[in-house]
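A short worksheet on the structure shown next.
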Amino acid sequence: MAEVHDRPPEQFTLRLRRYDPESGEAPYWDEHTIQLEPHRSVLEAILQAKDRFDGSIGVRCSCRQAICGSCGIRVNGEPALACHTHLDAAKSGAKDGVIEIEPMGNMPVLKDLIVDMDAVHWKKIRRVTPWLLAKQPVPEREYLVSKDSMVDVTQSMACIQCGACVSDCLAMEVDPGFIGPAALAKSYRFVGDPRDDQQFERLNDLAQDPQGIFDCTHCFKCVEACPKDVNPMGQIMRLRRIATGDHHIVDQNNGERHEAAVTGLVRNYGLLHEAELIPRSYGGNSWFAKFTPAAGKELLASFPVIIKGLLRGKVNPKIAVFGHKIPSSDLKSVQAIFDKIESRPERYELNLYITGEDEAPAPAAEPIAAGVTYESGGQDAPPTSPEGSVNQ
Ligand code: SF4
Ligand code: SF4
Ligand code: FES
């Protein structure tokens with residue numbers, strides 16, 4: 001790393017998106033060339049431009065260490081923390097060698113690179129009751145929580161509220177009322193916490209809300225955008241699995257029925273049978289669903305789209321009516337996957353945030369006195385909690 005930090009200063013040109021809504025003027029681009037070592041951050045470059053050329057550049061920052069989450073921007077069209085993006089990397093990702101810097105998306109601009117987090121991001125965070133609603137009675141001392149259950153929520157706890165995922169969420173772009181990736185990841189932090197008393201109520205609320213957990217379109221943009229690997233989409237999928245699989249919440253948005261229809265059709269056909277999807281999502285997970293009034297209404301409403309698809313050759317009438325056919329050996333393999341997963345006594349949730357194994361416990365030392373052992377941590381090592389538990 002020493003060589004990286006020894007590289008001499010270079011010139012970098014920044015193209016900044018400027019906008020002051022109070023001025024009544026349209027947004028415009030502004031260019032400044034600064035001089036810094038390539039390993040320095042885009043934030044340092046913006047601050048140098050502000051310091052040397054134009055003190056009116058609006059930018060928000062605090063810690064400069066990727067901790068506080070206040071310097072979220074877009075660099076070359078991608079969401080990023082300005083303090084966590086090296087200048088050389090930003091330049092190599094620029095189309096014409098000029099680093100393009102814009103405010104985050106999906107939030108109104110207050111000035112230049114500063115967006116109104118309160119109007120969007122924090123409003124949505126407040127929407128999910130972001131605090132523990134403790135089980136009663138509260139124990140006289142601490143709650144004892146299993147280590148596994150805390151590992152399960154650690155990923156969502158790593159969020160620094162930077163708003164990068166909100167900036168890039170495609171569902172929010174279409175439906176600004178969508179609760180969104182950051183707030184739903186925060187919600188999982190409490191839904192997954194065994195000390196919380198309102199798991200069902202929280203999930204029922206998020207499932208019944210038309211802009212809740214079933215409004216996410218699985219686009220993965222929030223996963224790519226997050227600088228802390230919170231995997232907001234993964235947290236939303238967990239919320240869905242607990243809502244449908246554990247609490248069997250049937251929501252007014254047909255999210256639960258739609259999921260059941262997708263999995264049922266893939267199990268039966270090996271591939272999705274698109275023509276069956278709408279009727280089963282609205283009328284129940286069976287071939288007869290199409291004859292129910294709810295499914296008939298949706299089919300009628302979808303008729304213009306289906307006709308358009310047929311005319312443009314996007315829908316194959318034979319496959320639409322009879323579904324895809326795959327070799328029976330392949331179908332058996334697909335069904336074997338379902339059988340294996342569904343026969344598990346417990347659902348297995350992957351947590352890719354924490355990797356590796358705990359260190360092997362040190363061999364127990366000779367007891368010094370009855371009930372007292374000194375472990376490898378030395379005489380000052382703290383007393384351990386009951387096996388498999390952490391104090392919270
Ligand atoms: S995966 Fe869902 S929450 Fe994440 S960006 Fe896409 S639509 Fe938004
Ligand atoms: S989930 Fe990631 S991207 Fe979204 S606010 Fe939290 S840290 Fe930022
Ligand atoms: S200034 Fe704190 S995260 Fe960038």
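All residue names refer to the structure tokens as shown: chains lettered A, B, ... in order, residues numbered from 1 in each chain, ligands numbered from 1 in order.
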Contact table chain A vs ligand 1, cut-off 7 Å, shortest pair per residue, only C-alpha atoms and all ligand atoms, as a Markdown table:
```
| residue | atom | partner | partner_atom_place_in_ligand_line | distance |
| --- | --- | --- | --- | --- |
| A:Cys165 | CA | ligand 1 | 5 (S) | 6.3 |
| A:Asp168 | CA | ligand 1 | 5 (S) | 6.0 |
| A:Cys169 | CA | ligand 1 | 5 (S) | 3.4 |
| A:Leu170 | CA | ligand 1 | 7 (S) | 5.1 |
| A:Ala171 | CA | ligand 1 | 7 (S) | 4.3 |
| A:Met172 | CA | ligand 1 | 8 (Fe) | 6.4 |
| A:Gly180 | CA | ligand 1 | 3 (S) | 5.4 |
| A:Pro181 | CA | ligand 1 | 3 (S) | 4.1 |
| A:Cys216 | CA | ligand 1 | 2 (Fe) | 3.8 |
| A:Thr217 | CA | ligand 1 | 7 (S) | 4.3 |
| A:His218 | CA | ligand 1 | 1 (S) | 3.9 |
| A:Cys219 | CA | ligand 1 | 6 (Fe) | 3.9 |
| A:Phe220 | CA | ligand 1 | 1 (S) | 4.3 |
| A:Lys221 | CA | ligand 1 | 5 (S) | 4.3 |
| A:Cys222 | CA | ligand 1 | 5 (S) | 4.1 |
| A:Val223 | CA | ligand 1 | 4 (Fe) | 6.5 |
| A:Pro232 | CA | ligand 1 | 4 (Fe) | 6.2 |
| A:Met233 | CA | ligand 1 | 1 (S) | 4.7 |
```
Q: Write as a ChimeraX atom specification the residues around ligand 2, taking 9 Å as the cut-off and counting only C-alpha atoms and all ligand atoms.
A: /A:69,72,79-81,121,156-167,181-186,222-232
Using only C-alpha atoms and all ligand atoms, what does the table of chain A residues within 6 Å of ligand 3 look like, with each row giving the shortest atom pair and its distance in Å to one decimal, sorted by chain and ascending number, as a tab-separated table?
```
residue	atom	partner	partner_atom_place_in_ligand_line	distance
A:Cys61	CA	ligand 3	1 (S)	4.1
A:Ser62	CA	ligand 3	1 (S)	4.3
A:Cys63	CA	ligand 3	2 (Fe)	3.9
A:Arg64	CA	ligand 3	1 (S)	3.6
A:Gln65	CA	ligand 3	2 (Fe)	5.4
A:Ala66	CA	ligand 3	3 (S)	3.5
A:Ile67	CA	ligand 3	3 (S)	4.6
A:Cys68	CA	ligand 3	2 (Fe)	3.9
A:Gly69	CA	ligand 3	3 (S)	3.8
A:Ser70	CA	ligand 3	2 (Fe)	5.1
A:Cys71	CA	ligand 3	4 (Fe)	4.4
A:Leu81	CA	ligand 3	4 (Fe)	5.5
A:Ala82	CA	ligand 3	4 (Fe)	5.9
A:Cys83	CA	ligand 3	4 (Fe)	4.4
```
Q) If you run DSSP on the backbone, which residues of range 76-137 of chain A are strand (DSSP E), as a list in words? A)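 Residues of range 76-137 of chain A classed as strand (DSSP E): Glu78, Pro79, Ala80, Leu81, Ile99, Glu100, Ile101, Glu102, Val109, Leu110, Lys111, Ile114 and Val115 of chain A.
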Q: Mind giving me the straight-line distance from CA of His39 in chain A to CA of Glu102 in chain A in Å, one decimal?
A: 20.7 Å
Q) Suppose you want the space between CA of Gly105 in chain A and CA of Thr154 in chain A; what is it in Å? A)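 About the pair CA of Gly105 in chain A and CA of Thr154 in chain A: they are 27.1 Å apart.
Using only C-alpha atoms, the smallest distance between any of A:Leu14, A:Val262, A:Leu87, A:Ile341 and Val42 in chain A comes from A:Leu87.
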**Q.** Shortest interatomic distance to Arg202 in chain A - which of A:Thr129, A:Thr85, A:Gln155, A:Ser146, counting only C-alpha atoms
**A.**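 Of the candidates, the smallest distance to Arg202 in chain A is held by A:Thr129.
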Q. In Å to one decimal, how far is CA of Leu144 in chain A from CA of Arg195 in chain A?
A.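 Those two atoms sit 8.9 Å apart.
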Q: Using backbone DSSP assignments, extract all helix (DSSP H, G or I) residues from range 29-97 of chain A; output them as a list in words.
A: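 Output for range 29-97 of chain A, helix (DSSP H, G or I) only: Val42, Leu43, Glu44, Ala45, Ile46, Leu47, Gln48, Ala49, Lys50, Asp51, Arg52, Ala82, Cys83, His84, Leu87, Asp88, Ala89, Ala90, Lys91 and Ser92 of chain A.
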